[in-house]
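Okay, so here's the structure we're looking at.
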Amino acid sequence: MNINAIREQFPILHQEINGHPLVYLDSAASSQKPRSVIDAVKRYYELDNANVHRGVHTLGSRATDAYEGAREKVAKLLNAGAPEQIIFTRGTTTALNLVASSYARSECGEGDEIVITPMEHHSNLIPWQQAAKATGATLKYIPLQPDGSISIEDVEKTVTPNTKVVSVTYVSNVLGVINPIKEITQIAHRNGAVMVVDGAQSTPHMKIDLKDLDVDFYALSGHKMCGPTGIGALYGKKSLLNKMEPIEFGGEMIDFVDLYESTWKEIPYRFEGGTPIIAGAVGLGAAIDFLNEIGLDEIDRHERRLATYAYEKLSSLEGITLYGPKENRVGLVTFNLDDVHPHDVATVLDSKGVAIRAGHHCCQPLMRWLNVSATARASFYLYNTEDDIDRLAAALLQTKEFFGHELG
């Protein structure tokens, strides 16, 4: 990977923040956008802006081709098979809510179980809480190992023949841990459960093969993988999607409407009521083209190198506590600086031009498991370098010195 050439394609990176060159280390929250994505969205609005599917004029046809072409790109990226198994959503949150509200509420009942983990983002926790309350199902948690990872033995003990749904993040947005999704899926299927995967933090950073993983549902967000905000996707196996009812009703998702009864279109359109996120899909398609040109395997290797370098660099600093396993992690490090609140750490780092995230990262149960109220997190992507991590470490030393004087 030619990192300098890649960085040149991201206009936002070439600026100063508070008098310092920007070091953007918050890609787990939202990645930056390359020029090709920005141009694709701009080009759609300038030349092709029209509603999809319903129009027979040229602009409508071009918009429809671009929208459906993006669906095909998502399916190919994930090795998901038929494009109709890809439903466009506003993001991972909407996708997971669709599964929990449509599939789980119709399939679960008293005596059934829904299994998740304590490391889940709120988007993959609250929908299952609500589904369990609505159906009478029991919500169960796979326990975490001391380093935050999951053991297969614990999965075997937690998932039972009463389990209807297992929903697990592929990659933790706090711990950086990569969960053994294929093995968890096999256990879920042996017990007759469906497997749902939160792919928000995995899709941007590694090659995904859904046919090999054999998961039943997979959710992703475009804005974390160089695409626009407000666009994401849900993959579902065709047999499951066909038996699910839509949860939003209106135009475009219908087949026939009478005064008292209506019928729905085939998948995926029954789940895409109203005018869809056309420009977002166009931008997501361009982002996929961009990632494919570089190569997900190359991105994965680059980020793992950065993660190892960052873990070693920060662990050498006194007063820094790192969270999550040292090995088998994606490109992020979550940490705390002794006696300094993460928000204060992030504020001082921002004064040095270093952008990180601070807070509970929409993982409050995990924060309680870690016995902290919040953490700081630096997350990396294909445009980051070892120099960025060096800047982070130097800024942390300055932060420690500043608050050492203040606390002293």
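Chain identifiers are assigned as A, B, and so on, following the order in which chains appear in the structure tokens; residues are numbered from 1 within each chain, and ligands are numbered from 1 in order of appearance.
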Taking the DSSP assignment computed from this structure's backbone, write out as a ChimeraX atom specification all residues of stretch 219-266 of chain A that belong to strand (DSSP E).
/A:219-221,232-236,254-257,262-264
Would you mind exporting all heavy atoms of the selected residues as a compact mmCIF listing (two decimals), in the first residue's frame?
# COMPACT_ATOMS: atom_id res chain seq x y z
N ALA A 219 -25.25 -7.06 9.27
CA ALA A 219 -25.55 -5.63 9.16
C ALA A 219 -24.27 -4.81 9.02
O ALA A 219 -23.24 -5.15 9.62
CB ALA A 219 -26.33 -5.15 10.39
N LEU A 220 -24.34 -3.72 8.24
CA LEU A 220 -23.17 -2.86 8.06
C LEU A 220 -23.60 -1.41 7.88
O LEU A 220 -24.76 -1.12 7.58
CB LEU A 220 -22.34 -3.32 6.86
CG LEU A 220 -23.00 -3.28 5.47
CD1 LEU A 220 -22.82 -1.93 4.79
CD2 LEU A 220 -22.42 -4.37 4.57
N SER A 221 -22.63 -0.51 8.08
CA SER A 221 -22.83 0.93 7.90
C SER A 221 -21.86 1.47 6.86
O SER A 221 -20.66 1.18 6.93
CB SER A 221 -22.62 1.68 9.22
OG SER A 221 -23.62 1.39 10.15
N GLY A 232 -26.70 2.17 4.87
CA GLY A 232 -26.15 0.91 5.35
C GLY A 232 -26.89 -0.22 4.67
O GLY A 232 -27.66 0.00 3.73
N ALA A 233 -26.67 -1.42 5.16
CA ALA A 233 -27.31 -2.56 4.51
C ALA A 233 -27.50 -3.70 5.50
O ALA A 233 -26.74 -3.86 6.46
CB ALA A 233 -26.49 -3.04 3.32
N LEU A 234 -28.53 -4.49 5.22
CA LEU A 234 -28.77 -5.74 5.92
C LEU A 234 -28.75 -6.86 4.91
O LEU A 234 -29.47 -6.81 3.90
CB LEU A 234 -30.12 -5.72 6.64
CG LEU A 234 -30.56 -7.06 7.25
CD1 LEU A 234 -29.69 -7.43 8.44
CD2 LEU A 234 -32.03 -7.03 7.65
N TYR A 235 -27.91 -7.86 5.17
CA TYR A 235 -27.98 -9.12 4.41
C TYR A 235 -28.82 -10.10 5.20
O TYR A 235 -28.70 -10.20 6.42
CB TYR A 235 -26.58 -9.71 4.21
CG TYR A 235 -26.61 -11.21 3.94
CD1 TYR A 235 -26.84 -11.70 2.65
CD2 TYR A 235 -26.46 -12.13 4.97
CE1 TYR A 235 -26.90 -13.06 2.41
CE2 TYR A 235 -26.51 -13.50 4.73
CZ TYR A 235 -26.73 -13.97 3.45
OH TYR A 235 -26.80 -15.30 3.22
N GLY A 236 -29.68 -10.81 4.51
CA GLY A 236 -30.43 -11.89 5.13
C GLY A 236 -30.57 -13.05 4.16
O GLY A 236 -30.66 -12.85 2.94
N ILE A 254 -45.10 -1.81 -1.76
CA ILE A 254 -46.36 -2.52 -1.93
C ILE A 254 -46.45 -3.20 -3.30
O ILE A 254 -45.81 -2.80 -4.27
CB ILE A 254 -47.57 -1.58 -1.75
CG1 ILE A 254 -47.44 -0.33 -2.65
CG2 ILE A 254 -47.70 -1.19 -0.30
CD1 ILE A 254 -47.97 -0.46 -4.04
N ASP A 255 -47.26 -4.26 -3.34
CA ASP A 255 -47.60 -4.90 -4.60
C ASP A 255 -48.99 -4.46 -5.04
O ASP A 255 -49.20 -3.98 -6.15
CB ASP A 255 -47.54 -6.42 -4.44
CG ASP A 255 -47.90 -7.15 -5.72
OD1 ASP A 255 -47.57 -6.62 -6.80
OD2 ASP A 255 -48.50 -8.24 -5.65
N PHE A 256 -49.97 -4.59 -4.10
CA PHE A 256 -51.34 -4.21 -4.41
C PHE A 256 -51.97 -3.58 -3.17
O PHE A 256 -51.81 -4.09 -2.06
CB PHE A 256 -52.16 -5.45 -4.82
CG PHE A 256 -53.62 -5.16 -5.04
CD1 PHE A 256 -54.05 -4.57 -6.21
CD2 PHE A 256 -54.56 -5.47 -4.06
CE1 PHE A 256 -55.41 -4.29 -6.41
CE2 PHE A 256 -55.90 -5.20 -4.25
CZ PHE A 256 -56.32 -4.61 -5.43
N VAL A 257 -52.68 -2.48 -3.36
CA VAL A 257 -53.34 -1.79 -2.26
C VAL A 257 -54.82 -1.65 -2.57
O VAL A 257 -55.20 -1.13 -3.62
CB VAL A 257 -52.73 -0.39 -2.01
CG1 VAL A 257 -53.49 0.34 -0.90
CG2 VAL A 257 -51.26 -0.51 -1.64
N SER A 262 -53.70 -4.89 1.82
CA SER A 262 -52.57 -4.62 0.93
C SER A 262 -51.66 -5.84 0.90
O SER A 262 -51.64 -6.64 1.84
CB SER A 262 -51.77 -3.40 1.40
OG SER A 262 -52.58 -2.24 1.44
N THR A 263 -50.89 -5.96 -0.16
CA THR A 263 -49.88 -7.02 -0.26
C THR A 263 -48.55 -6.38 -0.58
O THR A 263 -48.47 -5.25 -1.09
CB THR A 263 -50.25 -8.05 -1.33
OG1 THR A 263 -50.38 -7.37 -2.60
CG2 THR A 263 -51.55 -8.76 -0.99
N TRP A 264 -47.48 -7.11 -0.27
CA TRP A 264 -46.14 -6.53 -0.35
C TRP A 264 -45.39 -7.03 -1.59
O TRP A 264 -45.62 -8.14 -2.08
CB TRP A 264 -45.33 -6.87 0.90
CG TRP A 264 -46.08 -6.81 2.19
CD1 TRP A 264 -46.08 -7.73 3.19
CD2 TRP A 264 -46.95 -5.76 2.63
NE1 TRP A 264 -46.89 -7.34 4.21
CE2 TRP A 264 -47.43 -6.13 3.90
CE3 TRP A 264 -47.37 -4.54 2.07
CZ2 TRP A 264 -48.32 -5.33 4.63
CZ3 TRP A 264 -48.25 -3.75 2.79
CH2 TRP A 264 -48.71 -4.13 4.04
Can you pull out every residue within 7 Å of A:Pro268, counting only C-alpha atoms, but drop anything in the same chain fewer than 3 positions away, and send it as a PyMOL selection string?
chain A and resi 84-87+271-272
How close does stretch 221-322 of chain A get to stretch 340-359 of chain A? List, as CSV, each residue of stretch 221-322 of chain A within 12 Å, its nearest atom pair and the distance in Å to one decimal, counting only C-alpha atoms.
residue,atom,partner,partner_atom,distance
A:Gly319,CA,A:Val340,CA,9.9
A:Ile320,CA,A:Val340,CA,10.3
A:Thr321,CA,A:Val340,CA,11.6
If you run DSSP on the backbone here, which positions in stretch 210-268 of chain A get helix (DSSP H, G or I)? Please write them as a PyMOL selection string.
chain A and resi 210-213+222-224+238-243
Selected residues written out, N, CA, C and O atoms, as a PDB file, in the first residue's frame:
ATOM      1  N   LEU A 210     -19.639 -14.190   3.403  1.00  0.00           N
ATOM      2  CA  LEU A 210     -20.835 -14.650   4.096  1.00  0.00           C
ATOM      3  C   LEU A 210     -21.193 -16.085   3.740  1.00  0.00           C
ATOM      4  O   LEU A 210     -21.789 -16.798   4.559  1.00  0.00           O
ATOM      5  N   LYS A 211     -20.844 -16.518   2.553  1.00  0.00           N
ATOM      6  CA  LYS A 211     -21.104 -17.920   2.218  1.00  0.00           C
ATOM      7  C   LYS A 211     -20.276 -18.844   3.093  1.00  0.00           C
ATOM      8  O   LYS A 211     -20.742 -19.902   3.528  1.00  0.00           O
ATOM      9  N   ASP A 212     -19.045 -18.459   3.353  1.00  0.00           N
ATOM     10  CA  ASP A 212     -18.191 -19.272   4.222  1.00  0.00           C
ATOM     11  C   ASP A 212     -18.642 -19.179   5.675  1.00  0.00           C
ATOM     12  O   ASP A 212     -18.707 -20.193   6.375  1.00  0.00           O
ATOM     13  N   LEU A 213     -18.976 -17.985   6.147  1.00  0.00           N
ATOM     14  CA  LEU A 213     -19.404 -17.814   7.532  1.00  0.00           C
ATOM     15  C   LEU A 213     -20.760 -18.466   7.794  1.00  0.00           C
ATOM     16  O   LEU A 213     -21.035 -18.916   8.909  1.00  0.00           O
ATOM     17  N   GLY A 222     -22.371   2.278   5.940  1.00  0.00           N
ATOM     18  CA  GLY A 222     -21.519   2.831   4.897  1.00  0.00           C
ATOM     19  C   GLY A 222     -20.521   3.852   5.401  1.00  0.00           C
ATOM     20  O   GLY A 222     -19.391   3.936   4.902  1.00  0.00           O
ATOM     21  N   HIS A 223     -20.906   4.646   6.405  1.00  0.00           N
ATOM     22  CA  HIS A 223     -20.048   5.768   6.809  1.00  0.00           C
ATOM     23  C   HIS A 223     -18.779   5.315   7.514  1.00  0.00           C
ATOM     24  O   HIS A 223     -17.850   6.107   7.671  1.00  0.00           O
ATOM     25  N   LYS A 224     -18.713   4.065   7.932  1.00  0.00           N
ATOM     26  CA  LYS A 224     -17.495   3.555   8.553  1.00  0.00           C
ATOM     27  C   LYS A 224     -16.536   2.944   7.531  1.00  0.00           C
ATOM     28  O   LYS A 224     -15.428   2.536   7.880  1.00  0.00           O
ATOM     29  N   LYS A 238     -32.363 -15.667   1.987  1.00  0.00           N
ATOM     30  CA  LYS A 238     -33.612 -15.450   1.271  1.00  0.00           C
ATOM     31  C   LYS A 238     -34.800 -16.118   1.966  1.00  0.00           C
ATOM     32  O   LYS A 238     -35.895 -15.545   2.059  1.00  0.00           O
ATOM     33  N   SER A 239     -34.589 -17.320   2.478  1.00  0.00           N
ATOM     34  CA  SER A 239     -35.692 -18.044   3.111  1.00  0.00           C
ATOM     35  C   SER A 239     -36.205 -17.315   4.349  1.00  0.00           C
ATOM     36  O   SER A 239     -37.409 -17.366   4.655  1.00  0.00           O
ATOM     37  N   LEU A 240     -35.326 -16.620   5.047  1.00  0.00           N
ATOM     38  CA  LEU A 240     -35.732 -15.884   6.245  1.00  0.00           C
ATOM     39  C   LEU A 240     -36.378 -14.556   5.879  1.00  0.00           C
ATOM     40  O   LEU A 240     -37.400 -14.163   6.458  1.00  0.00           O
ATOM     41  N   LEU A 241     -35.798 -13.854   4.920  1.00  0.00           N
ATOM     42  CA  LEU A 241     -36.366 -12.570   4.503  1.00  0.00           C
ATOM     43  C   LEU A 241     -37.774 -12.746   3.928  1.00  0.00           C
ATOM     44  O   LEU A 241     -38.656 -11.912   4.151  1.00  0.00           O
ATOM     45  N   ASN A 242     -37.987 -13.841   3.203  1.00  0.00           N
ATOM     46  CA  ASN A 242     -39.285 -14.054   2.583  1.00  0.00           C
ATOM     47  C   ASN A 242     -40.407 -14.265   3.589  1.00  0.00           C
ATOM     48  O   ASN A 242     -41.573 -14.005   3.289  1.00  0.00           O
ATOM     49  N   LYS A 243     -40.086 -14.737   4.775  1.00  0.00           N
ATOM     50  CA  LYS A 243     -41.122 -14.960   5.783  1.00  0.00           C
ATOM     51  C   LYS A 243     -41.266 -13.781   6.748  1.00  0.00           C
ATOM     52  O   LYS A 243     -42.129 -13.795   7.617  1.00  0.00           O
TER      53      LYS A 243
END
Would you mind listing what lies within 9 Å of A:Asp390 as number ranges by chain, with only C-alpha atoms counted and same-chain residues fewer than 4 positions away left out?
A: 310, 313, 385-386, 394-395
Skip stretch 297-303 of chain A itself and residues of its chain fewer than 4 positions away, then list as a PyMOL selection string all residues within 12 Å of it, counting only C-alpha atoms.
chain A and resi 1-3+6+27+176+202-208+225+290-293+307-311+328-333+379-386+389
Within 12 Å of A:Val41, counting only C-alpha atoms, which residues qualify if same-chain residues fewer than 3 places away don't, as a PyMOL selection string?
chain A and resi 33-38+44-49+63+66-67+227-229+277-287
So the first atom is atom CA of A:Ala131 and the second is atom CA of A:Cys363; what is the distance between them in Å, to one decimal place?
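Pair atom CA of A:Ala131 / atom CA of A:Cys363 returns 18.8 Å.
Taking atom CA of A:Leu98 as the reference point, atom CA of A:Pro83 is found at 18.1 Å.
The smallest atom-to-atom distance between A:Lys76 and any of A:Ala374, A:Ile288, A:Ala188, A:Leu392, using only C-alpha atoms, is found for A:Ile288.
Take the candidates A:Ser172, A:Thr163, A:Thr399, A:Thr117 and check each one against A:Leu144 using only C-alpha atoms; the shortest distance goes to A:Thr117.
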Could you name the residues that touch A:Leu175 at 7 Å or less, counting only C-alpha atoms, but leaving out those on the same chain fewer than 6 positions away, as a list in words?
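Residues near the query, excluding close chain neighbours: Gly148, Tyr323, Gly324 and Thr334 of chain A.
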Using only C-alpha atoms, determine which residues lie at most 12 Å from A:Ile184, disregarding the query and same-chain residues fewer than 6 positions distant; provide the list as a PyMOL selection string.
chain A and resi 115-117+142+150-159+165-170+190-191+193-197+213-215
